[in-house]
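Novice: Quick one: this structure, given as structure tokens, is what I'll be asking you about.
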Amino acid sequence: MDVFLMIRRKKLTIFTDAKDTTSVSELKKMIEGILKVPPHDQQLFNKDNQMMEDDKTLQDYGLTSSTAKAQSPAAVGLALRSDSGDFEALELTPFSAPPDLPDVMKSQESNGQEQTS
């Protein structure tokens, strides 16, 4: 079954899908195709910030079609190896909050109908 993933690193977000039987190393190869970073320079983390091992499948980490749906993809953290050879710390920049609705739109939102006088 398809598993939908949201791979996050700092301000970067990648949406992709894979099978629940996909190995972590295969997922890293998918990321390599997008970011041009070799798999040995990537570290992936599950929702508990536990490092994911290459030989395990997504299913082993609880990423299944029932937990990672298209409308609510599962988050996977990504850290890359720096020039010094060490991996960077996992950093996920929080999403920004949307701005407040303008006053002219608030009255229409209350009942979804145009106000008539």
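Just remember, in the structure tokens the first chain shown is A, the second B, etc., residues are 1-based per chain, and ligands are 1-based in the order shown.
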Excluding A:Asp17 and its own-chain neighbours fewer than 3 positions away, which residues fall within 10 Å of it when counting only C-alpha atoms? Please give them as a list in words.

Specialist: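 Final neighbour list, sorted by chain and number: Asp2, Val3, Phe4, Leu5, Met6, Asp20, Leu27, Met30, Ala68, Lys69, Ala70 and Pro73 of chain A.
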
Novice: Using N, CA, C and O atoms, can you export the residues from the last selection as a tab-separated table (two decimals), in the first residue's frame?

Specialist:
chain	number	residue	atom	x	y	z
A	2	ASP	N	0.33	2.34	-0.52
A	2	ASP	CA	1.08	3.58	-0.59
A	2	ASP	C	1.15	4.26	0.76
A	2	ASP	O	0.18	4.31	1.51
A	3	VAL	N	2.33	4.81	1.03
A	3	VAL	CA	2.59	5.58	2.24
A	3	VAL	C	2.98	6.98	1.76
A	3	VAL	O	3.83	7.12	0.89
A	4	PHE	N	2.35	8.00	2.31
A	4	PHE	CA	2.64	9.37	1.91
A	4	PHE	C	3.51	10.02	2.97
A	4	PHE	O	3.20	9.98	4.16
A	5	LEU	N	4.62	10.62	2.52
A	5	LEU	CA	5.62	11.16	3.44
A	5	LEU	C	5.86	12.64	3.19
A	5	LEU	O	5.81	13.11	2.06
A	6	MET	N	6.16	13.32	4.28
A	6	MET	CA	6.57	14.72	4.24
A	6	MET	C	7.97	14.74	4.86
A	6	MET	O	8.12	14.60	6.07
A	20	ASP	N	4.80	0.74	1.64
A	20	ASP	CA	5.18	0.51	3.04
A	20	ASP	C	6.29	-0.53	3.15
A	20	ASP	O	6.94	-0.64	4.18
A	27	LEU	N	14.40	4.85	0.13
A	27	LEU	CA	13.87	6.20	0.33
A	27	LEU	C	15.00	7.23	0.19
A	27	LEU	O	14.82	8.29	-0.40
A	30	MET	N	15.58	7.94	-3.35
A	30	MET	CA	14.58	8.86	-3.89
A	30	MET	C	14.98	10.30	-3.57
A	30	MET	O	14.87	11.19	-4.42
A	68	ALA	N	-0.11	7.10	7.33
A	68	ALA	CA	0.50	8.11	6.45
A	68	ALA	C	-0.35	8.26	5.20
A	68	ALA	O	-0.06	7.67	4.16
A	69	LYS	N	-1.42	9.03	5.33
A	69	LYS	CA	-2.37	9.20	4.23
A	69	LYS	C	-2.02	10.44	3.41
A	69	LYS	O	-1.26	11.29	3.86
A	70	ALA	N	-2.61	10.53	2.22
A	70	ALA	CA	-2.33	11.67	1.34
A	70	ALA	C	-2.72	12.99	2.00
A	70	ALA	O	-2.00	13.98	1.88
A	73	PRO	N	0.18	13.39	5.55
A	73	PRO	CA	1.39	12.59	5.39
A	73	PRO	C	2.20	12.49	6.68
A	73	PRO	O	2.14	13.38	7.53

Novice: Which of chain A counts as helix (DSSP H, G or I) under DSSP, as a PyMOL selection string please?

Specialist: chain A and resi 24-35+39-41+59-61+103-109

Novice: Emit the selected residues as a PDB file, in the first residue's frame, including C-alpha atoms.

Specialist:
ATOM      1  CA  VAL A  24      14.978   3.292   4.239  1.00  0.00           C
ATOM      2  CA  SER A  25      17.932   3.035   1.828  1.00  0.00           C
ATOM      3  CA  GLU A  26      15.513   3.091  -1.137  1.00  0.00           C
ATOM      4  CA  LEU A  27      13.874   6.204   0.327  1.00  0.00           C
ATOM      5  CA  LYS A  28      17.323   7.817   0.576  1.00  0.00           C
ATOM      6  CA  LYS A  29      17.858   7.056  -3.118  1.00  0.00           C
ATOM      7  CA  MET A  30      14.583   8.860  -3.886  1.00  0.00           C
ATOM      8  CA  ILE A  31      15.852  11.875  -1.924  1.00  0.00           C
ATOM      9  CA  GLU A  32      19.158  11.670  -3.808  1.00  0.00           C
ATOM     10  CA  GLY A  33      17.226  12.053  -7.068  1.00  0.00           C
ATOM     11  CA  ILE A  34      15.669  15.275  -5.759  1.00  0.00           C
ATOM     12  CA  LEU A  35      18.486  16.885  -3.727  1.00  0.00           C
ATOM     13  CA  PRO A  39      22.481   8.317   0.508  1.00  0.00           C
ATOM     14  CA  HIS A  40      25.544   7.898   2.753  1.00  0.00           C
ATOM     15  CA  ASP A  41      25.392  11.661   3.445  1.00  0.00           C
ATOM     16  CA  GLN A  59       6.511  -0.425   7.888  1.00  0.00           C
ATOM     17  CA  ASP A  60       9.058  -1.271  10.617  1.00  0.00           C
ATOM     18  CA  TYR A  61       8.797   2.346  11.772  1.00  0.00           C
ATOM     19  CA  ASP A 103     -12.472  42.458   8.888  1.00  0.00           C
ATOM     20  CA  VAL A 104     -14.450  42.565   5.635  1.00  0.00           C
ATOM     21  CA  MET A 105     -14.136  38.776   5.302  1.00  0.00           C
ATOM     22  CA  LYS A 106     -15.017  37.929   8.902  1.00  0.00           C
ATOM     23  CA  SER A 107     -18.710  38.817   8.615  1.00  0.00           C
ATOM     24  CA  GLN A 108     -19.122  36.677   5.468  1.00  0.00           C
ATOM     25  CA  GLU A 109     -17.393  33.733   7.126  1.00  0.00           C
TER      26      GLU A 109
END

Novice: Each residue of stretch 20-114 of chain A with at least one atom at most 12 Å from stretch 7-14 of chain A should appear once, together with its nearest atom pair and the corresponding distance in Å (one decimal); atoms considered: only C-alpha atoms; ordering: chain, then increasing residue number; output as JSON lines.

Specialist:
{"residue": "A:Leu27", "atom": "CA", "partner": "A:Ile7", "partner_atom": "CA", "distance": 10.2}
{"residue": "A:Lys28", "atom": "CA", "partner": "A:Ile7", "partner_atom": "CA", "distance": 10.6}
{"residue": "A:Met30", "atom": "CA", "partner": "A:Ile14", "partner_atom": "CA", "distance": 10.7}
{"residue": "A:Ile31", "atom": "CA", "partner": "A:Ile14", "partner_atom": "CA", "distance": 8.6}
{"residue": "A:Glu32", "atom": "CA", "partner": "A:Ile14", "partner_atom": "CA", "distance": 11.9}
{"residue": "A:Gly33", "atom": "CA", "partner": "A:Ile14", "partner_atom": "CA", "distance": 11.8}
{"residue": "A:Ile34", "atom": "CA", "partner": "A:Ile14", "partner_atom": "CA", "distance": 8.8}
{"residue": "A:Leu35", "atom": "CA", "partner": "A:Ile14", "partner_atom": "CA", "distance": 9.8}
{"residue": "A:Gln42", "atom": "CA", "partner": "A:Arg9", "partner_atom": "CA", "distance": 10.9}
{"residue": "A:Gln43", "atom": "CA", "partner": "A:Arg9", "partner_atom": "CA", "distance": 10.6}
{"residue": "A:Leu44", "atom": "CA", "partner": "A:Ile7", "partner_atom": "CA", "distance": 8.6}
{"residue": "A:Phe45", "atom": "CA", "partner": "A:Ile7", "partner_atom": "CA", "distance": 9.4}
{"residue": "A:Asn46", "atom": "CA", "partner": "A:Ile7", "partner_atom": "CA", "distance": 9.8}
{"residue": "A:Lys47", "atom": "CA", "partner": "A:Ile7", "partner_atom": "CA", "distance": 10.8}
{"residue": "A:Pro73", "atom": "CA", "partner": "A:Ile7", "partner_atom": "CA", "distance": 9.3}
{"residue": "A:Ala74", "atom": "CA", "partner": "A:Ile7", "partner_atom": "CA", "distance": 8.3}
{"residue": "A:Ala75", "atom": "CA", "partner": "A:Ile7", "partner_atom": "CA", "distance": 5.9}
{"residue": "A:Val76", "atom": "CA", "partner": "A:Ile7", "partner_atom": "CA", "distance": 4.7}
{"residue": "A:Gly77", "atom": "CA", "partner": "A:Arg8", "partner_atom": "CA", "distance": 5.0}
{"residue": "A:Leu78", "atom": "CA", "partner": "A:Arg9", "partner_atom": "CA", "distance": 5.1}
{"residue": "A:Ala79", "atom": "CA", "partner": "A:Arg9", "partner_atom": "CA", "distance": 6.5}
{"residue": "A:Leu80", "atom": "CA", "partner": "A:Arg9", "partner_atom": "CA", "distance": 8.7}
{"residue": "A:Glu88", "atom": "CA", "partner": "A:Arg9", "partner_atom": "CA", "distance": 10.3}
{"residue": "A:Ala89", "atom": "CA", "partner": "A:Arg9", "partner_atom": "CA", "distance": 10.0}
{"residue": "A:Leu90", "atom": "CA", "partner": "A:Arg9", "partner_atom": "CA", "distance": 7.2}
{"residue": "A:Glu91", "atom": "CA", "partner": "A:Lys10", "partner_atom": "CA", "distance": 5.1}
{"residue": "A:Leu92", "atom": "CA", "partner": "A:Lys10", "partner_atom": "CA", "distance": 4.5}
{"residue": "A:Thr93", "atom": "CA", "partner": "A:Lys10", "partner_atom": "CA", "distance": 5.0}
{"residue": "A:Pro94", "atom": "CA", "partner": "A:Lys11", "partner_atom": "CA", "distance": 8.1}
{"residue": "A:Phe95", "atom": "CA", "partner": "A:Lys11", "partner_atom": "CA", "distance": 8.4}
{"residue": "A:Ser96", "atom": "CA", "partner": "A:Lys11", "partner_atom": "CA", "distance": 10.5}

Novice: Suppose you want the space between atom CA of A:Ala97 and atom CA of A:Ala18; what is it in Å?

Specialist: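 One can read the atom CA of A:Ala97 to atom CA of A:Ala18 distance as 29.2 Å.
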
Novice: Mind checking DSSP for stretch 31-100 of chain A and telling me the strand (DSSP E) residues as number ranges by chain?

Specialist: A: 42-45, 74-80

Novice: Please dump the current selection as a PDB file, in the first residue's frame; keep N, CA, C and O atoms.

Specialist:
ATOM      1  N   GLN A  42      23.088  11.175   4.140  1.00  0.00           N
ATOM      2  CA  GLN A  42      21.759  11.491   4.657  1.00  0.00           C
ATOM      3  C   GLN A  42      21.468  10.673   5.912  1.00  0.00           C
ATOM      4  O   GLN A  42      21.868   9.526   6.002  1.00  0.00           O
ATOM      5  N   GLN A  43      20.768  11.293   6.830  1.00  0.00           N
ATOM      6  CA  GLN A  43      20.218  10.582   7.988  1.00  0.00           C
ATOM      7  C   GLN A  43      18.726  10.903   8.033  1.00  0.00           C
ATOM      8  O   GLN A  43      18.342  12.064   7.913  1.00  0.00           O
ATOM      9  N   LEU A  44      17.904   9.864   8.201  1.00  0.00           N
ATOM     10  CA  LEU A  44      16.461  10.060   8.309  1.00  0.00           C
ATOM     11  C   LEU A  44      16.007   9.750   9.727  1.00  0.00           C
ATOM     12  O   LEU A  44      16.548   8.845  10.369  1.00  0.00           O
ATOM     13  N   PHE A  45      15.024  10.496  10.201  1.00  0.00           N
ATOM     14  CA  PHE A  45      14.522  10.339  11.562  1.00  0.00           C
ATOM     15  C   PHE A  45      13.008  10.173  11.520  1.00  0.00           C
ATOM     16  O   PHE A  45      12.326  10.870  10.775  1.00  0.00           O
ATOM     17  N   ALA A  74       2.934  11.397   6.812  1.00  0.00           N
ATOM     18  CA  ALA A  74       3.790  11.202   7.986  1.00  0.00           C
ATOM     19  C   ALA A  74       5.054  12.044   7.832  1.00  0.00           C
ATOM     20  O   ALA A  74       5.626  12.144   6.746  1.00  0.00           O
ATOM     21  N   ALA A  75       5.478  12.647   8.930  1.00  0.00           N
ATOM     22  CA  ALA A  75       6.682  13.480   8.901  1.00  0.00           C
ATOM     23  C   ALA A  75       7.920  12.617   9.110  1.00  0.00           C
ATOM     24  O   ALA A  75       7.956  11.750   9.979  1.00  0.00           O
ATOM     25  N   VAL A  76       8.928  12.883   8.280  1.00  0.00           N
ATOM     26  CA  VAL A  76      10.231  12.228   8.406  1.00  0.00           C
ATOM     27  C   VAL A  76      11.262  13.350   8.406  1.00  0.00           C
ATOM     28  O   VAL A  76      11.238  14.230   7.544  1.00  0.00           O
ATOM     29  N   GLY A  77      12.166  13.329   9.376  1.00  0.00           N
ATOM     30  CA  GLY A  77      13.204  14.349   9.459  1.00  0.00           C
ATOM     31  C   GLY A  77      14.420  13.955   8.638  1.00  0.00           C
ATOM     32  O   GLY A  77      14.743  12.776   8.522  1.00  0.00           O
ATOM     33  N   LEU A  78      15.105  14.943   8.077  1.00  0.00           N
ATOM     34  CA  LEU A  78      16.289  14.703   7.263  1.00  0.00           C
ATOM     35  C   LEU A  78      17.436  15.562   7.773  1.00  0.00           C
ATOM     36  O   LEU A  78      17.274  16.761   7.992  1.00  0.00           O
ATOM     37  N   ALA A  79      18.591  14.928   7.979  1.00  0.00           N
ATOM     38  CA  ALA A  79      19.817  15.645   8.323  1.00  0.00           C
ATOM     39  C   ALA A  79      20.875  15.246   7.302  1.00  0.00           C
ATOM     40  O   ALA A  79      20.936  14.091   6.871  1.00  0.00           O
ATOM     41  N   LEU A  80      21.711  16.210   6.913  1.00  0.00           N
ATOM     42  CA  LEU A  80      22.742  15.955   5.915  1.00  0.00           C
ATOM     43  C   LEU A  80      24.123  16.082   6.541  1.00  0.00           C
ATOM     44  O   LEU A  80      24.319  16.773   7.536  1.00  0.00           O
TER      45      LEU A  80
END

Novice: In Å to one decimal, how far is atom CA of A:Ser65 from atom CA of A:Met1?

Specialist: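 Spanning atom CA of A:Met1 to atom CA of A:Ser65 is a straight-line distance of 5.8 Å.
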